[in-house]
file data-v3.cif (mmCIF, C-alpha atoms)
data_coords
#
loop_
_atom_site.label_atom_id
_atom_site.label_comp_id
_atom_site.auth_asym_id
_atom_site.auth_seq_id
_atom_site.Cartn_x
_atom_site.Cartn_y
_atom_site.Cartn_z
CA MET A 1 34.81 68.62 30.64
CA PRO A 2 35.24 70.08 34.13
CA ASN A 3 38.07 72.60 34.35
CA ASN A 4 39.25 71.40 37.75
CA THR A 5 41.64 68.51 38.20
CA LEU A 6 40.36 67.29 41.54
CA VAL A 7 37.72 64.60 41.16
CA ALA A 8 36.19 62.67 44.05
CA THR A 9 36.09 58.97 43.19
CA ALA A 10 32.62 57.49 43.02
CA SER A 11 33.71 54.35 44.88
CA ALA A 12 34.54 56.25 48.08
CA PRO A 13 31.96 57.64 50.53
CA PRO A 14 31.02 61.16 49.45
CA LEU A 15 32.04 62.59 52.82
CA GLU A 16 34.16 61.46 55.76
CA VAL A 17 34.76 63.90 58.63
CA ASN A 18 37.12 63.00 61.48
CA GLY A 19 38.11 65.09 64.50
CA LEU A 20 37.04 68.37 62.93
CA SER A 21 37.77 71.34 65.20
CA VAL A 22 37.54 75.05 64.41
CA SER A 23 38.78 78.07 66.37
CA MET A 24 38.35 81.76 65.65
CA ASN A 25 40.86 84.24 67.07
CA GLY A 26 41.89 81.65 69.61
CA THR A 27 38.33 80.81 70.69
CA PRO A 28 37.31 77.17 70.12
CA LEU A 29 33.98 77.00 68.28
CA LEU A 30 33.83 73.43 66.97
CA HIS A 31 35.12 70.43 68.91
CA ASP A 32 36.13 67.04 67.48
CA VAL A 33 33.19 66.55 65.09
CA SER A 34 33.22 63.19 63.29
CA PHE A 35 30.72 61.55 60.95
CA SER A 36 30.43 59.90 57.54
CA LEU A 37 27.88 60.28 54.78
CA ALA A 38 27.04 57.48 52.37
CA PRO A 39 25.99 57.91 48.73
CA GLY A 40 22.38 59.06 48.55
CA GLU A 41 22.06 59.40 52.33
CA ARG A 42 20.13 62.32 53.85
CA LEU A 43 21.81 63.53 57.04
CA GLY A 44 20.40 66.24 59.26
CA PHE A 45 22.26 68.74 61.42
CA ILE A 46 20.05 70.14 64.16
CA GLY A 47 20.66 72.42 67.10
CA GLY A 48 20.15 75.92 68.36
CA SER A 49 21.76 79.11 67.13
CA GLY A 50 25.54 78.96 67.55
CA SER A 51 25.56 75.20 68.12
CA GLY A 52 28.06 74.56 65.31
CA LYS A 53 25.89 73.06 62.61
CA THR A 54 26.36 75.86 60.06
CA LEU A 55 30.04 76.20 60.98
CA THR A 56 30.51 72.53 60.13
CA ALA A 57 28.91 73.06 56.71
CA LEU A 58 31.11 76.10 56.07
CA ALA A 59 34.18 74.03 56.92
CA ILE A 60 33.10 71.31 54.48
CA SER A 61 32.54 73.82 51.69
CA GLY A 62 35.78 75.70 52.38
CA LEU A 63 33.96 78.93 53.20
CA LEU A 64 35.29 79.59 56.69
CA PRO A 65 36.64 83.10 57.33
CA GLU A 66 40.37 83.56 56.71
CA GLU A 67 41.05 83.96 60.45
CA ALA A 68 39.55 80.55 61.24
CA GLU A 69 41.92 77.81 62.37
CA ILE A 70 40.84 74.32 61.36
CA SER A 71 42.17 70.89 62.28
CA GLY A 72 41.11 67.31 61.70
CA SER A 73 40.11 65.75 58.41
CA ILE A 74 37.40 66.36 55.81
CA ARG A 75 37.58 63.92 52.91
CA LEU A 76 35.32 64.30 49.90
CA GLY A 77 35.74 60.92 48.29
CA ASN A 78 39.51 60.64 47.87
CA ILE A 79 40.18 64.38 48.34
CA GLU A 80 41.43 65.77 51.65
CA LEU A 81 40.00 69.29 52.00
CA VAL A 82 41.61 70.42 55.27
CA GLY A 83 44.81 72.29 54.54
CA ARG A 84 44.06 72.63 50.85
CA PRO A 85 44.18 76.22 49.48
CA ASP A 86 40.94 77.86 48.43
CA ALA A 87 42.18 78.06 44.84
CA GLU A 88 41.90 74.25 44.75
CA ILE A 89 38.66 73.96 46.74
CA ALA A 90 36.75 76.66 44.86
CA PRO A 91 36.41 74.59 41.64
CA LEU A 92 34.73 71.83 43.67
CA ARG A 93 31.92 74.16 44.72
CA GLY A 94 29.08 73.82 42.26
CA ASP A 95 30.76 70.90 40.51
CA GLN A 96 31.02 68.39 43.38
CA ILE A 97 29.58 70.35 46.32
CA GLY A 98 26.25 72.13 45.86
CA MET A 99 25.02 74.69 48.39
CA VAL A 100 21.55 76.02 49.17
CA PHE A 101 21.25 78.85 51.69
CA GLN A 102 18.45 80.06 53.94
CA GLU A 103 17.47 83.22 52.10
CA PRO A 104 17.46 83.06 48.30
CA LYS A 105 17.09 86.86 48.15
CA THR A 106 20.71 87.14 49.28
CA ALA A 107 21.94 84.00 47.51
CA LEU A 108 20.59 85.11 44.12
CA ASN A 109 21.94 88.13 42.25
CA PRO A 110 19.08 90.64 41.76
CA LEU A 111 20.69 91.94 38.55
CA HIS A 112 20.77 88.62 36.68
CA ARG A 113 17.93 86.54 35.25
CA LEU A 114 17.15 83.28 37.04
CA GLY A 115 18.04 81.15 34.02
CA ARG A 116 21.56 82.55 33.96
CA GLN A 117 21.98 81.92 37.68
CA MET A 118 20.61 78.37 37.47
CA THR A 119 23.30 77.47 34.96
CA GLU A 120 26.22 79.41 36.43
CA ALA A 121 27.99 76.28 37.70
CA LEU A 122 27.52 74.57 34.35
CA ALA A 123 28.98 77.55 32.53
CA LEU A 124 31.92 77.63 34.93
CA HIS A 125 32.79 73.95 34.68
CA TYR A 126 31.63 73.08 31.16
CA SER A 127 31.75 74.68 27.72
CA LEU A 128 28.16 75.41 26.75
CA SER A 129 26.75 77.49 23.93
CA LYS A 130 24.10 80.10 24.70
CA ALA A 131 21.41 77.78 23.30
CA GLU A 132 22.66 74.82 25.34
CA ARG A 133 22.72 76.92 28.48
CA ARG A 134 19.14 78.06 27.88
CA GLN A 135 17.95 74.49 27.35
CA ALA A 136 19.76 73.44 30.53
CA ALA A 137 17.99 76.22 32.45
CA LEU A 138 14.60 75.07 31.16
CA ARG A 139 15.33 71.45 32.15
CA LEU A 140 16.48 72.51 35.62
CA ALA A 141 13.43 74.71 36.14
CA ALA A 142 11.17 71.80 35.27
CA LYS A 143 13.19 69.41 37.43
CA VAL A 144 12.70 71.50 40.56
CA GLY A 145 8.98 71.87 39.89
CA LEU A 146 8.88 75.44 38.63
CA ARG A 147 5.76 75.96 36.56
CA ASP A 148 6.06 77.88 33.30
CA PRO A 149 9.84 77.40 32.93
CA GLU A 150 9.94 79.73 29.91
CA ARG A 151 8.78 82.63 32.06
CA ILE A 152 10.87 81.67 35.10
CA VAL A 153 14.21 81.49 33.31
CA ARG A 154 13.65 85.00 31.89
CA ALA A 155 12.54 86.46 35.23
CA TYR A 156 14.63 88.37 37.76
CA PRO A 157 14.52 87.24 41.42
CA HIS A 158 12.17 90.06 42.47
CA GLU A 159 9.64 88.99 39.83
CA VAL A 160 8.90 85.60 41.41
CA SER A 161 7.67 84.37 44.79
CA GLY A 162 9.85 83.29 47.71
CA GLY A 163 9.13 79.63 47.06
CA GLN A 164 10.02 80.03 43.39
CA ARG A 165 13.26 81.81 44.30
CA GLN A 166 14.22 78.96 46.62
CA ARG A 167 13.49 76.38 43.93
CA ALA A 168 15.62 78.40 41.52
CA ALA A 169 18.43 78.44 44.10
CA ILE A 170 18.15 74.66 44.45
CA ALA A 171 18.28 74.33 40.65
CA ALA A 172 21.49 76.35 40.64
CA ALA A 173 22.98 74.14 43.35
CA ILE A 174 22.23 70.87 41.53
CA SER A 175 22.91 72.02 37.97
CA ALA A 176 26.29 70.27 37.70
CA ARG A 177 24.91 67.19 39.54
CA PRO A 178 27.21 67.41 42.59
CA GLY A 179 27.57 64.30 44.72
CA LEU A 180 27.09 66.34 47.90
CA LEU A 181 24.39 68.93 48.58
CA LEU A 182 24.58 71.21 51.63
CA ALA A 183 21.28 72.90 52.53
CA ASP A 184 21.45 75.46 55.36
CA GLU A 185 17.99 76.29 56.76
CA PRO A 186 16.56 76.33 53.21
CA THR A 187 12.89 76.41 54.23
CA THR A 188 12.92 78.80 57.20
CA ALA A 189 11.69 81.80 55.17
CA LEU A 190 8.90 79.84 53.44
CA ASP A 191 5.29 79.36 54.49
CA VAL A 192 4.17 75.89 55.56
CA THR A 193 2.63 74.86 52.24
CA VAL A 194 5.60 75.98 50.16
CA GLN A 195 7.97 74.48 52.71
CA ARG A 196 6.36 71.05 52.35
CA GLY A 197 6.88 71.11 48.59
CA VAL A 198 10.54 72.10 48.90
CA LEU A 199 11.20 69.34 51.43
CA GLU A 200 9.63 66.80 49.08
CA LEU A 201 11.87 68.16 46.32
CA PHE A 202 14.99 67.49 48.40
CA ARG A 203 13.88 63.91 48.98
CA GLU A 204 13.18 63.37 45.28
CA LEU A 205 16.53 64.83 44.19
CA THR A 206 18.57 62.57 46.46
CA VAL A 207 16.77 59.49 45.18
CA ALA A 208 16.88 60.47 41.52
CA ASP A 209 20.56 61.46 41.39
CA ASP A 210 21.95 59.45 44.35
CA THR A 211 22.99 62.80 45.82
CA SER A 212 24.10 62.88 49.45
CA LEU A 213 22.36 65.60 51.45
CA VAL A 214 23.33 67.52 54.57
CA PHE A 215 20.22 69.36 55.73
CA ILE A 216 20.60 71.98 58.47
CA THR A 217 17.73 73.19 60.62
CA HIS A 218 16.76 74.13 64.16
CA ASP A 219 13.32 72.54 63.71
CA LEU A 220 13.01 68.83 64.49
CA ALA A 221 9.61 68.60 62.80
CA VAL A 222 11.16 69.80 59.55
CA MET A 223 14.12 67.47 60.05
CA ALA A 224 11.82 64.48 60.41
CA GLU A 225 10.34 65.28 56.99
CA VAL A 226 13.59 65.07 55.05
CA ALA A 227 16.43 63.36 56.94
CA GLU A 228 17.16 59.69 57.57
CA ARG A 229 19.85 60.24 60.21
CA VAL A 230 20.44 63.15 62.57
CA LEU A 231 23.40 64.76 64.32
CA VAL A 232 22.38 66.93 67.28
CA PHE A 233 24.76 69.85 67.89
CA ASP A 234 25.27 71.83 71.10
CA HIS A 235 28.05 74.30 71.88
CA GLY A 236 30.16 73.11 68.96
CA ARG A 237 29.89 69.41 69.71
CA VAL A 238 27.84 66.52 68.38
CA VAL A 239 25.91 65.37 71.44
CA GLU A 240 23.72 62.75 69.79
CA ASP A 241 23.76 60.74 66.56
CA GLY A 242 21.07 58.37 65.36
CA THR A 243 18.30 57.69 62.90
CA VAL A 244 15.30 59.96 62.98
CA ALA A 245 13.23 57.13 64.46
CA GLN A 246 15.79 56.50 67.22
CA ILE A 247 16.10 60.18 68.09
CA LEU A 248 12.33 60.65 68.31
CA ALA A 249 11.63 57.45 70.22
CA ALA A 250 14.48 57.48 72.72
CA PRO A 251 16.38 60.78 72.93
CA ASN A 252 19.41 60.52 75.21
CA HIS A 253 20.60 64.10 75.56
CA PRO A 254 18.75 66.99 77.28
CA VAL A 255 19.23 69.16 74.17
CA THR A 256 17.53 66.53 72.02
CA ARG A 257 14.66 66.24 74.47
CA ALA A 258 14.26 70.03 74.44
CA LEU A 259 14.13 70.02 70.64
CA ILE A 260 11.43 67.35 70.72
CA ARG A 261 9.40 69.37 73.21
CA ALA A 262 9.75 72.45 71.00
CA ALA A 263 8.47 70.41 68.04
CA GLY A 264 5.42 69.35 70.05
CA GLY A 265 6.52 65.77 70.78
CA ASP A 266 6.99 63.88 74.01
CA SER A 267 10.13 64.38 76.10
#
call {"tool": "encode", "arguments": {"input": "data-v3.cif", "output": "structure tokens"}}
result
Amino acid sequence: MPNNTLVATASAPPLEVNGLSVSMNGTPLLHDVSFSLAPGERLGFIGGSGSGKTLTALAISGLLPEEAEISGSIRLGNIELVGRPDAEIAPLRGDQIGMVFQEPKTALNPLHRLGRQMTEALALHYSLSKAERRQAALRLAAKVGLRDPERIVRAYPHEVSGGQRQRAAIAAAISARPGLLLADEPTTALDVTVQRGVLELFRELTVADDTSLVFITHDLAVMAEVAERVLVFDHGRVVEDGTVAQILAAPNHPVTRALIRAAGGDS
């Protein structure tokens, strides 16, 4: 059984954010961000560097720096996260909130085998024998499309390709079957062919496990591959919110139109 006592109820929306604002050393960085995320929904955050999309994800996961001042509400199911101490939020990470970062080289520990890292959340939240943990690693490796799982789970991060490392990082993030998956620029360091496979993997995982996904990118073409709905960020604010089809067909904000031009679409 999980060792944490906080459990988000399945009947509530996985995520409800209202009036979220963040300041750092007195400087406002995030302004009144509000949105909800339904079970199994794939939501994209898009915007330029410093627009607030990653900061929003860090606030949701409770990973803001200590000097950050946060106000508003972030509810994960029935759990209010704003104002809750990290000692209570930390057990939710891995168990109910999974995270995939841009560069698996830094997200993965170079000293530990991939199989161990894939099952770290399981070992933290559940009592597993060594044999059970190994079998779980093999299942996860297969689930994320890693060929030759026996070899992969024994390998160290430097012994596999960038695409394989990212798939291993995704396996680690979904190992405890969290209801919410946060993916921050997870395909930026990958070549186009590998990127396409990873994006397809995200789509498959949300359908198979009814996992809600927040996918962060600066690339609208990538966003269109994986998200159903998009929030456009600029200077710490959400300036546009709509389905991918709506955003592409009739962008309302100049930032959105610039993103479409950058992706090679019409303005």
call {"tool": "residues_around", "arguments": {"input": "data-v3.cif", "residues": "A:Glu204", "least_positions_apart": "5", "cutoff": "10 Å", "atoms": "only C-alpha atoms", "output": "PDB file with C-alpha atoms, keeping the file's coordinate frame"}}
result
ATOM      1  CA  LYS A 143      13.190  69.410  37.430  1.00  0.00           C
ATOM      2  CA  VAL A 144      12.700  71.500  40.560  1.00  0.00           C
ATOM      3  CA  VAL A 198      10.540  72.100  48.900  1.00  0.00           C
ATOM      4  CA  LEU A 199      11.200  69.340  51.430  1.00  0.00           C
ATOM      5  CA  ASP A 209      20.560  61.460  41.390  1.00  0.00           C
ATOM      6  CA  ASP A 210      21.950  59.450  44.350  1.00  0.00           C
ATOM      7  CA  THR A 211      22.990  62.800  45.820  1.00  0.00           C
ATOM      8  CA  VAL A 226      13.590  65.070  55.050  1.00  0.00           C
TER       9      VAL A 226
END
call {"tool": "closest_residue", "arguments": {"input": "data-v3.cif", "among": "A:Ile97, A:Ile46, A:Leu180, A:Leu29", "to": "A:Ala227", "atoms": "all atoms listed in the file"}}
result
A:Ile46
call {"tool": "resolve_selection", "arguments": {"input": "data-v3.cif", "expression": "the PyMOL selection byres ((chain A and resi 187) around 12)", "output": "PDB file with C-alpha atoms, in the frame of the given file"}}
result
ATOM      1  CA  VAL A 100      21.550  76.020  49.170  1.00  0.00           C
ATOM      2  CA  PHE A 101      21.250  78.850  51.690  1.00  0.00           C
ATOM      3  CA  GLN A 102      18.450  80.060  53.940  1.00  0.00           C
ATOM      4  CA  GLU A 103      17.470  83.220  52.100  1.00  0.00           C
ATOM      5  CA  PRO A 104      17.460  83.060  48.300  1.00  0.00           C
ATOM      6  CA  GLY A 162       9.850  83.290  47.710  1.00  0.00           C
ATOM      7  CA  GLY A 163       9.130  79.630  47.060  1.00  0.00           C
ATOM      8  CA  GLN A 164      10.020  80.030  43.390  1.00  0.00           C
ATOM      9  CA  ARG A 165      13.260  81.810  44.300  1.00  0.00           C
ATOM     10  CA  GLN A 166      14.220  78.960  46.620  1.00  0.00           C
ATOM     11  CA  ARG A 167      13.490  76.380  43.930  1.00  0.00           C
ATOM     12  CA  ALA A 169      18.430  78.440  44.100  1.00  0.00           C
ATOM     13  CA  ILE A 170      18.150  74.660  44.450  1.00  0.00           C
ATOM     14  CA  ALA A 183      21.280  72.900  52.530  1.00  0.00           C
ATOM     15  CA  ASP A 184      21.450  75.460  55.360  1.00  0.00           C
ATOM     16  CA  GLU A 185      17.990  76.290  56.760  1.00  0.00           C
ATOM     17  CA  PRO A 186      16.560  76.330  53.210  1.00  0.00           C
ATOM     18  CA  THR A 188      12.920  78.800  57.200  1.00  0.00           C
ATOM     19  CA  ALA A 189      11.690  81.800  55.170  1.00  0.00           C
ATOM     20  CA  LEU A 190       8.900  79.840  53.440  1.00  0.00           C
ATOM     21  CA  ASP A 191       5.290  79.360  54.490  1.00  0.00           C
ATOM     22  CA  VAL A 192       4.170  75.890  55.560  1.00  0.00           C
ATOM     23  CA  THR A 193       2.630  74.860  52.240  1.00  0.00           C
ATOM     24  CA  VAL A 194       5.600  75.980  50.160  1.00  0.00           C
ATOM     25  CA  GLN A 195       7.970  74.480  52.710  1.00  0.00           C
ATOM     26  CA  ARG A 196       6.360  71.050  52.350  1.00  0.00           C
ATOM     27  CA  GLY A 197       6.880  71.110  48.590  1.00  0.00           C
ATOM     28  CA  VAL A 198      10.540  72.100  48.900  1.00  0.00           C
ATOM     29  CA  LEU A 199      11.200  69.340  51.430  1.00  0.00           C
ATOM     30  CA  GLU A 200       9.630  66.800  49.080  1.00  0.00           C
ATOM     31  CA  LEU A 201      11.870  68.160  46.320  1.00  0.00           C
ATOM     32  CA  PHE A 202      14.990  67.490  48.400  1.00  0.00           C
ATOM     33  CA  PHE A 215      20.220  69.360  55.730  1.00  0.00           C
ATOM     34  CA  ILE A 216      20.600  71.980  58.470  1.00  0.00           C
ATOM     35  CA  THR A 217      17.730  73.190  60.620  1.00  0.00           C
ATOM     36  CA  HIS A 218      16.760  74.130  64.160  1.00  0.00           C
ATOM     37  CA  ASP A 219      13.320  72.540  63.710  1.00  0.00           C
ATOM     38  CA  VAL A 222      11.160  69.800  59.550  1.00  0.00           C
ATOM     39  CA  MET A 223      14.120  67.470  60.050  1.00  0.00           C
ATOM     40  CA  GLU A 225      10.340  65.280  56.990  1.00  0.00           C
ATOM     41  CA  VAL A 226      13.590  65.070  55.050  1.00  0.00           C
TER      42      VAL A 226
END
call {"tool": "residues_around", "arguments": {"input": "data-v3.cif", "residues": "A:Ile247", "least_positions_apart": "6", "cutoff": "9 Å", "atoms": "only C-alpha atoms", "output": "list in words"}}
result
Arg229, Val230, Glu240, Asp241, Thr256, Arg257 and Ile260 of chain A
call {"tool": "residues_around", "arguments": {"input": "data-v3.cif", "residues": "A:Thr206", "least_positions_apart": "5", "cutoff": "10 Å", "atoms": "only C-alpha atoms", "output": "list in words"}}
result
Pro39, Gly40, Glu41, Arg42, Gly179, Leu180, Leu181, Leu201, Thr211, Ser212 and Leu213 of chain A
call {"tool": "resolve_selection", "arguments": {"input": "data-v3.cif", "expression": "the PyMOL selection byres ((chain A and resi 70-84) around 10)", "output": "ChimeraX atom specification"}}
result
/A:6-24,28,30-37,59-62,64,67-69,85-89,92,96-97,179-180
call {"tool": "resolve_selection", "arguments": {"input": "data-v3.cif", "expression": "the PyMOL selection byres ((chain A and resi 158) around 12)", "output": "ChimeraX atom specification"}}
result
/A:104-106,108-114,152,154-157,159-165
call {"tool": "atom_distance", "arguments": {"input": "data-v3.cif", "atom1": "atom CA of A:Leu58", "atom2": "atom CA of A:Gly115"}}
result
26.1 Å
call {"tool": "atom_distance", "arguments": {"input": "data-v3.cif", "atom1": "atom CA of A:Val255", "atom2": "atom CA of A:Thr56"}}
result
18.3 Å
call {"tool": "residues_near_point", "arguments": {"input": "data-v3.cif", "point": "(12.8, 58.3, 70.4)", "cutoff": "12 Å", "atoms": "all atoms listed in the file", "output": "JSON, numbers by chain"}}
result
{"A": [224, 230, 240, 241, 242, 243, 244, 245, 246, 247, 248, 249, 250, 251, 252, 253, 256, 257, 259, 260, 261, 265, 266, 267]}
call {"tool": "atom_distance", "arguments": {"input": "data-v3.cif", "atom1": "atom CA of A:Gly236", "atom2": "atom CA of A:Ser51"}}
result
5.1 Å
call {"tool": "axis_aligned_box", "arguments": {"input": "data-v3.cif", "around": "stretch 38-51 of chain A", "padding_each_side": "3 Å", "output": "lines of an AutoDock Vina configuration file"}}
result
center_x = 23.5
center_y = 68.3
center_z = 58.5
size_x = 13.0
size_y = 27.6
size_z = 25.8
call {"tool": "decode", "arguments": {"input": "data-v3.cif", "residues": "stretch 66-99 of chain A", "atoms": "N, CA and C atoms", "output": "PDB file, in the first residue's frame"}}
result
ATOM      1  N   GLU A  66      12.385  27.759  -2.504  1.00  0.00           N
ATOM      2  CA  GLU A  66      11.879  28.137  -1.189  1.00  0.00           C
ATOM      3  C   GLU A  66      11.494  29.599  -1.113  1.00  0.00           C
ATOM      4  N   GLU A  67      12.203  30.463  -1.870  1.00  0.00           N
ATOM      5  CA  GLU A  67      11.919  31.903  -1.797  1.00  0.00           C
ATOM      6  C   GLU A  67      10.679  32.310  -2.578  1.00  0.00           C
ATOM      7  N   ALA A  68      10.081  31.384  -3.319  1.00  0.00           N
ATOM      8  CA  ALA A  68       8.890  31.706  -4.104  1.00  0.00           C
ATOM      9  C   ALA A  68       7.689  31.943  -3.198  1.00  0.00           C
ATOM     10  N   GLU A  69       6.892  32.919  -3.555  1.00  0.00           N
ATOM     11  CA  GLU A  69       5.633  33.197  -2.865  1.00  0.00           C
ATOM     12  C   GLU A  69       4.500  32.815  -3.807  1.00  0.00           C
ATOM     13  N   ILE A  70       3.599  31.980  -3.323  1.00  0.00           N
ATOM     14  CA  ILE A  70       2.529  31.446  -4.164  1.00  0.00           C
ATOM     15  C   ILE A  70       1.178  31.742  -3.544  1.00  0.00           C
ATOM     16  N   SER A  71       0.221  32.092  -4.395  1.00  0.00           N
ATOM     17  CA  SER A  71      -1.151  32.310  -3.929  1.00  0.00           C
ATOM     18  C   SER A  71      -2.110  31.711  -4.940  1.00  0.00           C
ATOM     19  N   GLY A  72      -3.371  31.590  -4.547  1.00  0.00           N
ATOM     20  CA  GLY A  72      -4.367  30.951  -5.391  1.00  0.00           C
ATOM     21  C   GLY A  72      -4.610  29.532  -4.924  1.00  0.00           C
ATOM     22  N   SER A  73      -5.109  28.709  -5.818  1.00  0.00           N
ATOM     23  CA  SER A  73      -5.482  27.348  -5.452  1.00  0.00           C
ATOM     24  C   SER A  73      -5.019  26.356  -6.511  1.00  0.00           C
ATOM     25  N   ILE A  74      -4.447  25.235  -6.051  1.00  0.00           N
ATOM     26  CA  ILE A  74      -4.137  24.096  -6.907  1.00  0.00           C
ATOM     27  C   ILE A  74      -4.722  22.873  -6.214  1.00  0.00           C
ATOM     28  N   ARG A  75      -5.760  22.300  -6.797  1.00  0.00           N
ATOM     29  CA  ARG A  75      -6.395  21.134  -6.193  1.00  0.00           C
ATOM     30  C   ARG A  75      -6.143  19.910  -7.076  1.00  0.00           C
ATOM     31  N   LEU A  76      -5.546  18.914  -6.477  1.00  0.00           N
ATOM     32  CA  LEU A  76      -5.350  17.622  -7.125  1.00  0.00           C
ATOM     33  C   LEU A  76      -6.431  16.701  -6.580  1.00  0.00           C
ATOM     34  N   GLY A  77      -7.491  16.514  -7.361  1.00  0.00           N
ATOM     35  CA  GLY A  77      -8.653  15.821  -6.833  1.00  0.00           C
ATOM     36  C   GLY A  77      -9.202  16.600  -5.655  1.00  0.00           C
ATOM     37  N   ASN A  78      -9.229  15.984  -4.484  1.00  0.00           N
ATOM     38  CA  ASN A  78      -9.748  16.645  -3.282  1.00  0.00           C
ATOM     39  C   ASN A  78      -8.651  17.276  -2.432  1.00  0.00           C
ATOM     40  N   ILE A  79      -7.412  17.299  -2.908  1.00  0.00           N
ATOM     41  CA  ILE A  79      -6.286  17.778  -2.116  1.00  0.00           C
ATOM     42  C   ILE A  79      -5.901  19.186  -2.551  1.00  0.00           C
ATOM     43  N   GLU A  80      -5.893  20.123  -1.600  1.00  0.00           N
ATOM     44  CA  GLU A  80      -5.388  21.464  -1.863  1.00  0.00           C
ATOM     45  C   GLU A  80      -3.881  21.464  -1.644  1.00  0.00           C
ATOM     46  N   LEU A  81      -3.119  21.823  -2.695  1.00  0.00           N
ATOM     47  CA  LEU A  81      -1.666  21.778  -2.619  1.00  0.00           C
ATOM     48  C   LEU A  81      -1.043  23.091  -2.154  1.00  0.00           C
ATOM     49  N   VAL A  82      -1.668  24.216  -2.476  1.00  0.00           N
ATOM     50  CA  VAL A  82      -1.106  25.514  -2.073  1.00  0.00           C
ATOM     51  C   VAL A  82      -1.165  25.640  -0.558  1.00  0.00           C
ATOM     52  N   GLY A  83      -0.039  25.973   0.032  1.00  0.00           N
ATOM     53  CA  GLY A  83       0.037  26.125   1.473  1.00  0.00           C
ATOM     54  C   GLY A  83       0.368  24.852   2.212  1.00  0.00           C
ATOM     55  N   ARG A  84       0.430  23.743   1.499  1.00  0.00           N
ATOM     56  CA  ARG A  84       0.735  22.472   2.144  1.00  0.00           C
ATOM     57  C   ARG A  84       2.257  22.295   2.208  1.00  0.00           C
ATOM     58  N   PRO A  85       2.816  21.853   3.315  1.00  0.00           N
ATOM     59  CA  PRO A  85       4.278  21.695   3.429  1.00  0.00           C
ATOM     60  C   PRO A  85       4.797  20.630   2.484  1.00  0.00           C
ATOM     61  N   ASP A  86       6.064  20.778   2.097  1.00  0.00           N
ATOM     62  CA  ASP A  86       6.654  19.845   1.145  1.00  0.00           C
ATOM     63  C   ASP A  86       6.667  18.421   1.680  1.00  0.00           C
ATOM     64  N   ALA A  87       6.758  18.275   2.991  1.00  0.00           N
ATOM     65  CA  ALA A  87       6.762  16.931   3.575  1.00  0.00           C
ATOM     66  C   ALA A  87       5.480  16.177   3.250  1.00  0.00           C
ATOM     67  N   GLU A  88       4.390  16.902   2.992  1.00  0.00           N
ATOM     68  CA  GLU A  88       3.127  16.266   2.620  1.00  0.00           C
ATOM     69  C   GLU A  88       2.956  16.149   1.107  1.00  0.00           C
ATOM     70  N   ILE A  89       3.576  17.060   0.352  1.00  0.00           N
ATOM     71  CA  ILE A  89       3.460  17.016  -1.106  1.00  0.00           C
ATOM     72  C   ILE A  89       4.417  15.985  -1.700  1.00  0.00           C
ATOM     73  N   ALA A  90       5.599  15.861  -1.113  1.00  0.00           N
ATOM     74  CA  ALA A  90       6.626  14.967  -1.670  1.00  0.00           C
ATOM     75  C   ALA A  90       6.123  13.544  -1.912  1.00  0.00           C
ATOM     76  N   PRO A  91       5.344  12.947  -0.986  1.00  0.00           N
ATOM     77  CA  PRO A  91       4.861  11.581  -1.247  1.00  0.00           C
ATOM     78  C   PRO A  91       3.923  11.474  -2.444  1.00  0.00           C
ATOM     79  N   LEU A  92       3.327  12.599  -2.869  1.00  0.00           N
ATOM     80  CA  LEU A  92       2.441  12.569  -4.030  1.00  0.00           C
ATOM     81  C   LEU A  92       3.223  12.454  -5.333  1.00  0.00           C
ATOM     82  N   ARG A  93       4.469  12.970  -5.327  1.00  0.00           N
ATOM     83  CA  ARG A  93       5.288  12.915  -6.527  1.00  0.00           C
ATOM     84  C   ARG A  93       5.711  11.471  -6.786  1.00  0.00           C
ATOM     85  N   GLY A  94       5.469  11.022  -7.988  1.00  0.00           N
ATOM     86  CA  GLY A  94       5.728   9.631  -8.332  1.00  0.00           C
ATOM     87  C   GLY A  94       4.498   8.772  -8.137  1.00  0.00           C
ATOM     88  N   ASP A  95       3.781   8.980  -7.038  1.00  0.00           N
ATOM     89  CA  ASP A  95       2.598   8.176  -6.742  1.00  0.00           C
ATOM     90  C   ASP A  95       1.368   8.709  -7.462  1.00  0.00           C
ATOM     91  N   GLN A  96       1.117  10.021  -7.362  1.00  0.00           N
ATOM     92  CA  GLN A  96      -0.058  10.621  -7.993  1.00  0.00           C
ATOM     93  C   GLN A  96       0.298  11.683  -9.028  1.00  0.00           C
ATOM     94  N   ILE A  97       1.521  12.199  -8.966  1.00  0.00           N
ATOM     95  CA  ILE A  97       2.014  13.151  -9.964  1.00  0.00           C
ATOM     96  C   ILE A  97       3.303  12.595 -10.540  1.00  0.00           C
ATOM     97  N   GLY A  98       3.310  12.289 -11.839  1.00  0.00           N
ATOM     98  CA  GLY A  98       4.522  11.849 -12.516  1.00  0.00           C
ATOM     99  C   GLY A  98       5.132  13.003 -13.284  1.00  0.00           C
ATOM    100  N   MET A  99       6.464  13.020 -13.375  1.00  0.00           N
ATOM    101  CA  MET A  99       7.152  14.131 -14.039  1.00  0.00           C
ATOM    102  C   MET A  99       8.198  13.620 -15.012  1.00  0.00           C
TER     103      MET A  99
END
